[in-house]
file query.txt (compact mmCIF, N, CA and C atoms)
# COMPACT_ATOMS: atom_id res chain seq x y z
N MET A 7 0.85 -1.17 0.00
CA MET A 7 0.00 0.00 0.00
C MET A 7 0.89 1.23 0.00
N LYS A 8 0.50 2.23 -0.74
CA LYS A 8 1.23 3.47 -0.87
C LYS A 8 1.07 4.30 0.41
N PRO A 9 2.19 4.82 0.99
CA PRO A 9 2.07 5.63 2.20
C PRO A 9 1.33 6.94 1.92
N ILE A 10 0.59 7.41 2.91
CA ILE A 10 -0.17 8.66 2.77
C ILE A 10 0.71 9.81 3.22
N LYS A 11 0.82 10.82 2.38
CA LYS A 11 1.59 12.00 2.71
C LYS A 11 0.67 13.01 3.39
N ILE A 12 1.02 13.41 4.60
CA ILE A 12 0.20 14.36 5.35
C ILE A 12 0.70 15.77 5.04
N THR A 13 -0.15 16.56 4.47
CA THR A 13 0.17 17.96 4.20
C THR A 13 -0.32 18.81 5.36
N PRO A 14 0.16 20.04 5.50
CA PRO A 14 -0.32 20.89 6.60
C PRO A 14 -1.84 21.04 6.61
N LEU A 15 -2.48 21.16 5.43
CA LEU A 15 -3.93 21.30 5.39
C LEU A 15 -4.61 20.04 5.93
N LYS A 16 -4.08 18.85 5.54
CA LYS A 16 -4.65 17.61 6.05
C LYS A 16 -4.48 17.53 7.56
N SER A 17 -3.36 18.03 8.09
CA SER A 17 -3.15 18.02 9.54
C SER A 17 -4.17 18.91 10.23
N ILE A 18 -4.46 20.07 9.65
CA ILE A 18 -5.44 20.99 10.23
C ILE A 18 -6.82 20.35 10.21
N ILE A 19 -7.17 19.73 9.08
CA ILE A 19 -8.47 19.08 8.97
C ILE A 19 -8.58 17.93 9.97
N ALA A 20 -7.51 17.12 10.08
CA ALA A 20 -7.53 16.01 11.03
C ALA A 20 -7.66 16.52 12.46
N GLY A 21 -6.98 17.61 12.78
CA GLY A 21 -7.08 18.20 14.12
C GLY A 21 -8.49 18.70 14.39
N ALA A 22 -9.10 19.34 13.41
CA ALA A 22 -10.47 19.83 13.58
C ALA A 22 -11.44 18.68 13.76
N ALA A 23 -11.21 17.59 13.02
CA ALA A 23 -12.08 16.42 13.17
C ALA A 23 -11.94 15.82 14.55
N ALA A 24 -10.72 15.77 15.08
CA ALA A 24 -10.50 15.23 16.42
C ALA A 24 -11.20 16.09 17.47
N VAL A 25 -11.09 17.40 17.34
CA VAL A 25 -11.76 18.30 18.27
C VAL A 25 -13.27 18.12 18.18
N SER A 26 -13.79 18.01 16.97
CA SER A 26 -15.22 17.81 16.77
C SER A 26 -15.67 16.51 17.41
N PHE A 27 -14.91 15.44 17.21
CA PHE A 27 -15.25 14.15 17.79
C PHE A 27 -15.23 14.22 19.30
N LEU A 28 -14.20 14.83 19.86
CA LEU A 28 -14.10 14.93 21.32
C LEU A 28 -15.24 15.76 21.88
N GLY A 29 -15.60 16.82 21.20
CA GLY A 29 -16.72 17.64 21.64
C GLY A 29 -18.01 16.86 21.62
N THR A 30 -18.22 16.04 20.59
CA THR A 30 -19.42 15.23 20.50
C THR A 30 -19.44 14.19 21.60
N ALA A 31 -18.29 13.56 21.87
CA ALA A 31 -18.23 12.54 22.91
C ALA A 31 -18.56 13.15 24.27
N ALA A 32 -18.06 14.34 24.53
CA ALA A 32 -18.34 14.98 25.81
C ALA A 32 -19.83 15.31 25.92
N TRP A 33 -20.43 15.78 24.82
CA TRP A 33 -21.84 16.11 24.83
C TRP A 33 -22.69 14.86 25.07
N ALA A 34 -22.25 13.73 24.50
CA ALA A 34 -23.02 12.49 24.63
C ALA A 34 -23.10 12.03 26.08
N ASN A 35 -22.16 12.45 26.94
CA ASN A 35 -22.16 12.05 28.34
C ASN A 35 -23.01 12.96 29.21
N GLU A 36 -23.52 14.04 28.66
CA GLU A 36 -24.37 14.94 29.42
C GLU A 36 -25.75 14.32 29.58
N PRO A 37 -26.49 14.73 30.61
CA PRO A 37 -27.84 14.18 30.78
C PRO A 37 -28.71 14.46 29.56
N ALA A 38 -29.51 13.49 29.20
CA ALA A 38 -30.37 13.61 28.02
C ALA A 38 -31.55 14.53 28.31
N PRO A 39 -31.93 15.36 27.34
CA PRO A 39 -33.15 16.14 27.52
C PRO A 39 -34.33 15.19 27.76
N GLN A 40 -35.26 15.57 28.60
CA GLN A 40 -36.35 14.69 29.01
C GLN A 40 -37.30 14.34 27.88
N ASN A 41 -37.46 15.19 26.91
CA ASN A 41 -38.47 14.95 25.88
C ASN A 41 -37.88 14.51 24.54
N ILE A 42 -36.61 14.14 24.49
CA ILE A 42 -35.95 13.73 23.25
C ILE A 42 -35.58 12.25 23.35
N GLU A 43 -35.81 11.53 22.26
CA GLU A 43 -35.38 10.14 22.20
C GLU A 43 -34.70 9.88 20.86
N GLN A 44 -33.83 8.89 20.87
CA GLN A 44 -33.20 8.43 19.63
C GLN A 44 -33.78 7.07 19.31
N VAL A 45 -34.23 6.92 18.07
CA VAL A 45 -34.78 5.66 17.61
C VAL A 45 -33.86 5.15 16.50
N ASN A 46 -33.26 4.00 16.72
CA ASN A 46 -32.41 3.37 15.72
C ASN A 46 -33.24 2.27 15.07
N ILE A 47 -33.50 2.43 13.78
CA ILE A 47 -34.37 1.48 13.10
C ILE A 47 -33.62 0.76 11.98
N THR A 48 -34.13 -0.41 11.65
CA THR A 48 -33.61 -1.19 10.54
C THR A 48 -34.70 -1.27 9.48
N VAL A 49 -34.31 -0.97 8.24
CA VAL A 49 -35.24 -0.94 7.12
C VAL A 49 -34.68 -1.81 6.00
N ALA A 50 -35.52 -2.62 5.40
CA ALA A 50 -35.11 -3.43 4.25
C ALA A 50 -35.60 -2.77 2.97
N GLY A 51 -34.83 -2.93 1.91
CA GLY A 51 -35.24 -2.42 0.61
C GLY A 51 -34.55 -1.14 0.17
N MET A 52 -33.74 -0.55 1.04
CA MET A 52 -32.98 0.64 0.63
C MET A 52 -31.75 0.16 -0.14
N THR A 53 -31.73 0.44 -1.44
CA THR A 53 -30.65 -0.09 -2.28
C THR A 53 -29.80 0.97 -2.96
N CYS A 54 -30.16 2.24 -2.79
CA CYS A 54 -29.41 3.29 -3.48
C CYS A 54 -29.46 4.59 -2.66
N PRO A 55 -28.61 5.54 -2.99
CA PRO A 55 -28.64 6.82 -2.28
C PRO A 55 -30.00 7.54 -2.38
N PHE A 56 -30.70 7.35 -3.47
CA PHE A 56 -32.03 7.96 -3.61
C PHE A 56 -32.99 7.37 -2.58
N CYS A 57 -32.87 6.06 -2.30
CA CYS A 57 -33.71 5.42 -1.27
C CYS A 57 -33.46 6.07 0.08
N VAL A 58 -32.20 6.30 0.40
CA VAL A 58 -31.84 6.93 1.67
C VAL A 58 -32.42 8.34 1.73
N ALA A 59 -32.26 9.10 0.66
CA ALA A 59 -32.77 10.47 0.62
C ALA A 59 -34.29 10.51 0.77
N THR A 60 -34.97 9.58 0.12
CA THR A 60 -36.43 9.50 0.22
C THR A 60 -36.86 9.23 1.65
N SER A 61 -36.19 8.28 2.30
CA SER A 61 -36.52 7.93 3.69
C SER A 61 -36.25 9.10 4.62
N GLU A 62 -35.08 9.73 4.48
CA GLU A 62 -34.73 10.85 5.34
C GLU A 62 -35.71 12.01 5.15
N LYS A 63 -36.06 12.30 3.92
CA LYS A 63 -36.99 13.40 3.65
C LYS A 63 -38.35 13.14 4.28
N ALA A 64 -38.84 11.90 4.17
CA ALA A 64 -40.14 11.56 4.76
C ALA A 64 -40.11 11.70 6.28
N LEU A 65 -39.02 11.29 6.90
CA LEU A 65 -38.91 11.38 8.35
C LEU A 65 -38.76 12.83 8.81
N LYS A 66 -37.93 13.59 8.12
CA LYS A 66 -37.70 14.99 8.51
C LYS A 66 -38.95 15.84 8.35
N ALA A 67 -39.88 15.40 7.51
CA ALA A 67 -41.12 16.14 7.31
C ALA A 67 -42.09 15.97 8.48
N LYS A 68 -41.84 14.99 9.32
CA LYS A 68 -42.74 14.72 10.45
C LYS A 68 -42.48 15.72 11.57
N PRO A 69 -43.52 16.31 12.13
CA PRO A 69 -43.35 17.24 13.25
C PRO A 69 -42.69 16.54 14.44
N GLY A 70 -41.74 17.22 15.04
CA GLY A 70 -41.05 16.68 16.21
C GLY A 70 -39.77 15.92 15.89
N VAL A 71 -39.48 15.70 14.60
CA VAL A 71 -38.23 15.04 14.22
C VAL A 71 -37.17 16.11 14.06
N HIS A 72 -36.05 15.93 14.78
CA HIS A 72 -34.98 16.93 14.80
C HIS A 72 -33.79 16.57 13.92
N ALA A 73 -33.47 15.29 13.81
CA ALA A 73 -32.29 14.88 13.04
C ALA A 73 -32.50 13.45 12.56
N VAL A 74 -31.95 13.16 11.37
CA VAL A 74 -32.02 11.81 10.80
C VAL A 74 -30.67 11.53 10.16
N GLU A 75 -30.11 10.37 10.46
CA GLU A 75 -28.88 9.92 9.82
C GLU A 75 -29.10 8.49 9.35
N SER A 76 -28.61 8.17 8.15
CA SER A 76 -28.84 6.86 7.56
C SER A 76 -27.54 6.23 7.11
N GLU A 77 -27.57 4.91 7.03
CA GLU A 77 -26.44 4.14 6.50
C GLU A 77 -27.00 3.17 5.48
N LEU A 78 -26.72 3.43 4.22
CA LEU A 78 -27.28 2.65 3.12
C LEU A 78 -26.94 1.17 3.21
N LYS A 79 -25.68 0.86 3.42
CA LYS A 79 -25.22 -0.52 3.36
C LYS A 79 -25.93 -1.43 4.36
N SER A 80 -26.13 -0.93 5.57
CA SER A 80 -26.75 -1.76 6.61
C SER A 80 -28.26 -1.57 6.73
N GLY A 81 -28.79 -0.52 6.09
CA GLY A 81 -30.21 -0.24 6.21
C GLY A 81 -30.60 0.35 7.55
N LEU A 82 -29.63 0.93 8.24
CA LEU A 82 -29.90 1.55 9.54
C LEU A 82 -30.24 3.02 9.38
N ILE A 83 -31.24 3.45 10.13
CA ILE A 83 -31.62 4.86 10.16
C ILE A 83 -31.76 5.25 11.62
N ALA A 84 -31.11 6.34 12.01
CA ALA A 84 -31.21 6.85 13.37
C ALA A 84 -32.00 8.16 13.32
N ILE A 85 -32.95 8.27 14.23
CA ILE A 85 -33.83 9.45 14.28
C ILE A 85 -33.77 10.04 15.67
N CYS A 86 -33.58 11.34 15.77
CA CYS A 86 -33.73 12.05 17.04
C CYS A 86 -35.02 12.85 16.96
N MET A 87 -35.89 12.60 17.93
CA MET A 87 -37.21 13.23 17.86
C MET A 87 -37.78 13.43 19.26
N ASP A 88 -38.81 14.26 19.30
CA ASP A 88 -39.55 14.44 20.54
C ASP A 88 -40.25 13.12 20.87
N THR A 89 -40.35 12.82 22.16
CA THR A 89 -41.05 11.60 22.55
C THR A 89 -42.53 11.67 22.18
N SER A 90 -43.03 12.86 21.97
CA SER A 90 -44.44 13.04 21.61
C SER A 90 -44.67 13.11 20.10
N ALA A 91 -43.66 12.77 19.30
CA ALA A 91 -43.77 12.88 17.84
C ALA A 91 -44.77 11.90 17.24
N GLY A 92 -45.13 10.85 17.97
CA GLY A 92 -46.13 9.92 17.47
C GLY A 92 -45.62 8.90 16.47
N LEU A 93 -44.32 8.70 16.41
CA LEU A 93 -43.77 7.72 15.48
C LEU A 93 -43.49 6.40 16.22
N ASP A 94 -44.56 5.70 16.57
CA ASP A 94 -44.38 4.38 17.17
C ASP A 94 -44.10 3.38 16.05
N ASP A 95 -43.93 2.10 16.41
CA ASP A 95 -43.58 1.10 15.41
C ASP A 95 -44.65 0.98 14.31
N ALA A 96 -45.90 1.10 14.67
CA ALA A 96 -46.98 1.01 13.67
C ALA A 96 -46.90 2.18 12.67
N ALA A 97 -46.63 3.38 13.18
CA ALA A 97 -46.51 4.55 12.30
C ALA A 97 -45.28 4.42 11.40
N LEU A 98 -44.17 3.93 11.95
CA LEU A 98 -42.96 3.74 11.14
C LEU A 98 -43.18 2.67 10.07
N THR A 99 -43.87 1.60 10.44
CA THR A 99 -44.19 0.54 9.47
C THR A 99 -44.98 1.13 8.30
N GLN A 100 -45.99 1.92 8.60
CA GLN A 100 -46.83 2.52 7.56
C GLN A 100 -46.03 3.52 6.71
N LEU A 101 -45.22 4.34 7.36
CA LEU A 101 -44.42 5.33 6.65
C LEU A 101 -43.50 4.67 5.63
N PHE A 102 -42.76 3.65 6.07
CA PHE A 102 -41.82 3.01 5.16
C PHE A 102 -42.52 2.17 4.10
N LYS A 103 -43.64 1.58 4.45
CA LYS A 103 -44.42 0.82 3.46
C LYS A 103 -44.88 1.74 2.34
N SER A 104 -45.29 2.97 2.70
CA SER A 104 -45.75 3.92 1.69
C SER A 104 -44.62 4.37 0.76
N LYS A 105 -43.38 4.22 1.21
CA LYS A 105 -42.21 4.59 0.39
C LYS A 105 -41.61 3.39 -0.33
N GLY A 106 -42.18 2.20 -0.11
CA GLY A 106 -41.70 1.00 -0.80
C GLY A 106 -40.64 0.23 -0.04
N PHE A 107 -40.49 0.50 1.24
CA PHE A 107 -39.49 -0.18 2.06
C PHE A 107 -40.19 -0.98 3.15
N THR A 108 -39.43 -1.85 3.81
CA THR A 108 -39.98 -2.67 4.89
C THR A 108 -39.33 -2.32 6.21
N PHE A 109 -40.12 -1.82 7.15
CA PHE A 109 -39.65 -1.54 8.50
C PHE A 109 -39.42 -2.87 9.20
N LYS A 110 -38.21 -3.08 9.76
CA LYS A 110 -37.88 -4.34 10.41
C LYS A 110 -37.93 -4.25 11.93
N SER A 111 -37.25 -3.26 12.51
CA SER A 111 -37.19 -3.17 13.97
C SER A 111 -36.79 -1.77 14.40
N ALA A 112 -37.02 -1.50 15.70
CA ALA A 112 -36.65 -0.20 16.27
C ALA A 112 -36.13 -0.41 17.69
N GLU A 113 -35.08 0.32 18.01
CA GLU A 113 -34.56 0.37 19.38
C GLU A 113 -34.63 1.82 19.82
N ARG A 114 -35.24 2.06 20.97
CA ARG A 114 -35.44 3.42 21.47
C ARG A 114 -34.59 3.66 22.71
N ALA A 115 -34.04 4.88 22.80
CA ALA A 115 -33.23 5.26 23.97
C ALA A 115 -33.45 6.74 24.24
N PRO A 116 -33.43 7.13 25.52
CA PRO A 116 -33.59 8.55 25.84
C PRO A 116 -32.39 9.36 25.35
N GLY A 117 -32.64 10.61 24.97
CA GLY A 117 -31.57 11.50 24.51
C GLY A 117 -31.24 11.25 23.05
N CYS A 118 -30.15 11.89 22.61
CA CYS A 118 -29.73 11.75 21.22
C CYS A 118 -28.22 11.89 21.13
N THR A 119 -27.59 10.95 20.46
CA THR A 119 -26.14 11.00 20.28
C THR A 119 -25.73 11.32 18.85
N LEU A 120 -26.68 11.62 17.99
CA LEU A 120 -26.35 11.93 16.59
C LEU A 120 -25.61 13.25 16.51
N GLU A 121 -24.52 13.26 15.76
CA GLU A 121 -23.73 14.47 15.60
C GLU A 121 -24.53 15.59 14.95
N SER A 122 -25.39 15.25 13.98
CA SER A 122 -26.17 16.29 13.32
C SER A 122 -27.14 16.96 14.29
N PHE A 123 -27.64 16.23 15.28
CA PHE A 123 -28.53 16.81 16.29
C PHE A 123 -27.72 17.71 17.21
N GLN A 124 -26.56 17.24 17.64
CA GLN A 124 -25.70 18.01 18.52
C GLN A 124 -25.28 19.29 17.84
N THR A 125 -24.90 19.21 16.58
CA THR A 125 -24.46 20.38 15.83
C THR A 125 -25.61 21.38 15.68
N LYS A 126 -26.79 20.88 15.35
CA LYS A 126 -27.95 21.74 15.13
C LYS A 126 -28.44 22.37 16.43
N GLU A 127 -28.46 21.61 17.51
CA GLU A 127 -29.08 22.07 18.74
C GLU A 127 -28.11 22.73 19.73
N GLU A 128 -26.84 22.27 19.76
CA GLU A 128 -25.96 22.67 20.84
C GLU A 128 -24.73 23.46 20.44
N ALA A 129 -24.25 23.28 19.23
CA ALA A 129 -22.97 23.88 18.86
C ALA A 129 -23.08 25.39 18.72
N PRO A 130 -22.10 26.12 19.27
CA PRO A 130 -22.11 27.57 19.09
C PRO A 130 -21.78 27.94 17.65
N LYS A 131 -22.26 29.08 17.21
CA LYS A 131 -21.99 29.55 15.86
C LYS A 131 -20.51 29.89 15.75
N ASP A 132 -19.90 29.51 14.63
CA ASP A 132 -18.49 29.79 14.40
C ASP A 132 -18.36 31.15 13.72
N ASP A 133 -17.94 32.15 14.48
CA ASP A 133 -17.76 33.49 13.92
C ASP A 133 -16.30 33.80 13.62
N SER A 134 -15.45 32.76 13.56
CA SER A 134 -14.05 32.99 13.29
C SER A 134 -13.87 33.52 11.87
N PRO A 135 -12.74 34.17 11.60
CA PRO A 135 -12.54 34.73 10.25
C PRO A 135 -12.47 33.66 9.17
N HIS A 136 -12.28 32.39 9.56
CA HIS A 136 -12.15 31.32 8.57
C HIS A 136 -13.42 30.48 8.48
N SER A 137 -14.51 30.91 9.09
CA SER A 137 -15.73 30.10 9.11
C SER A 137 -16.37 29.99 7.73
N HIS A 138 -15.94 30.79 6.76
CA HIS A 138 -16.52 30.72 5.42
C HIS A 138 -15.91 29.61 4.59
N TYR A 139 -14.81 29.00 5.05
CA TYR A 139 -14.18 27.93 4.26
C TYR A 139 -15.15 26.78 4.07
N GLY A 140 -15.25 26.29 2.86
CA GLY A 140 -16.13 25.19 2.55
C GLY A 140 -17.58 25.61 2.33
N SER A 141 -17.85 26.91 2.42
CA SER A 141 -19.23 27.36 2.27
C SER A 141 -19.59 27.65 0.82
N GLY A 142 -18.61 27.55 -0.07
CA GLY A 142 -18.86 27.84 -1.46
C GLY A 142 -18.69 29.31 -1.81
N THR A 143 -18.36 30.12 -0.81
CA THR A 143 -18.16 31.55 -1.04
C THR A 143 -16.72 31.78 -1.48
N ASN A 144 -16.52 32.48 -2.58
CA ASN A 144 -15.18 32.77 -3.06
C ASN A 144 -14.77 34.17 -2.60
N TYR A 145 -13.63 34.26 -1.96
CA TYR A 145 -13.12 35.55 -1.50
C TYR A 145 -11.84 35.88 -2.22

call {"tool": "encode", "arguments": {"input": "query.txt", "output": "structure tokens"}}
result
Amino acid sequence: MKPIKITPLKSIIAGAAAVSFLGTAAWANEPAPQNIEQVNITVAGMTCPFCVATSEKALKAKPGVHAVESELKSGLIAICMDTSAGLDDAALTQLFKSKGFTFKSAERAPGCTLESFQTKEEAPKDDSPHSHYGSGTNY
């Protein structure tokens, strides 16, 4: 295997990723909000990125859903939502059936460990002079 050459930019990116990961890990150890739960579900029939996008869009459209992350290869979808969102197993079965997929199972836990939820709900806004990098803005 060819050795990977680490450039200064790659070192900065790796350092930022490590800080982000550590920040997420610390947040995950904090007490969970009382009205938020994470539901990790297994769905059969998702075979392409469009399937994942369709599932995520349908879930995000539901009131009380805060974050959705999916993994195409395993058919896993993690949802962070209000406990009062009304997405019990019967509702999830119907939702995925209407999209052409098969709901297999769900595991529920209080709180949410999804990075997209933590970023959306808890992370402070980055007002640093370099916060525009990667935003598509040309300076």

call {"tool": "residues_around", "arguments": {"input": "query.txt", "residues": "segment 63-74 of chain A", "least_positions_apart": "3", "cutoff": "8 Å", "atoms": "only C-alpha atoms", "output": "ChimeraX atom specification"}}
result
/A:59-60,83-88,90-91,101,120,122-123

call {"tool": "closest_residue", "arguments": {"input": "query.txt", "among": "A:Thr89, A:Gln100, A:Thr108, A:Ser76", "to": "Gly51 of chain A", "atoms": "only C-alpha atoms"}}
result
A:Thr108

call {"tool": "atom_distance", "arguments": {"input": "query.txt", "atom1": "atom CA of Lys103 of chain A", "atom2": "atom CA of Glu77 of chain A"}}
result
18.5 Å

call {"tool": "atom_distance", "arguments": {"input": "query.txt", "atom1": "atom N of Lys79 of chain A", "atom2": "atom C of Ile47 of chain A"}}
result
11.7 Å

call {"tool": "atom_distance", "arguments": {"input": "query.txt", "atom1": "atom C of Cys118 of chain A", "atom2": "atom N of Gln40 of chain A"}}
result
10.9 Å

call {"tool": "closest_residue", "arguments": {"input": "query.txt", "among": "A:Phe102, A:Lys110, A:Gln124, A:Val45", "to": "Ser61 of chain A", "atoms": "only N, CA and C atoms"}}
result
A:Phe102

call {"tool": "residues_around", "arguments": {"input": "query.txt", "residues": "Ala50 of chain A", "least_positions_apart": "4", "cutoff": "10 Å", "atoms": "only C-alpha atoms", "output": "list in words"}}
result
Leu78, Ser80, Gly81, Leu82, Phe102, Gly106, Phe107, Thr108, Phe109, Lys110 and Ser111 of chain A

call {"tool": "closest_residue", "arguments": {"input": "query.txt", "among": "A:Glu75, A:Glu113, A:Asp95, A:Glu62", "to": "Thr48 of chain A", "atoms": "only N, CA and C atoms"}}
result
A:Glu113
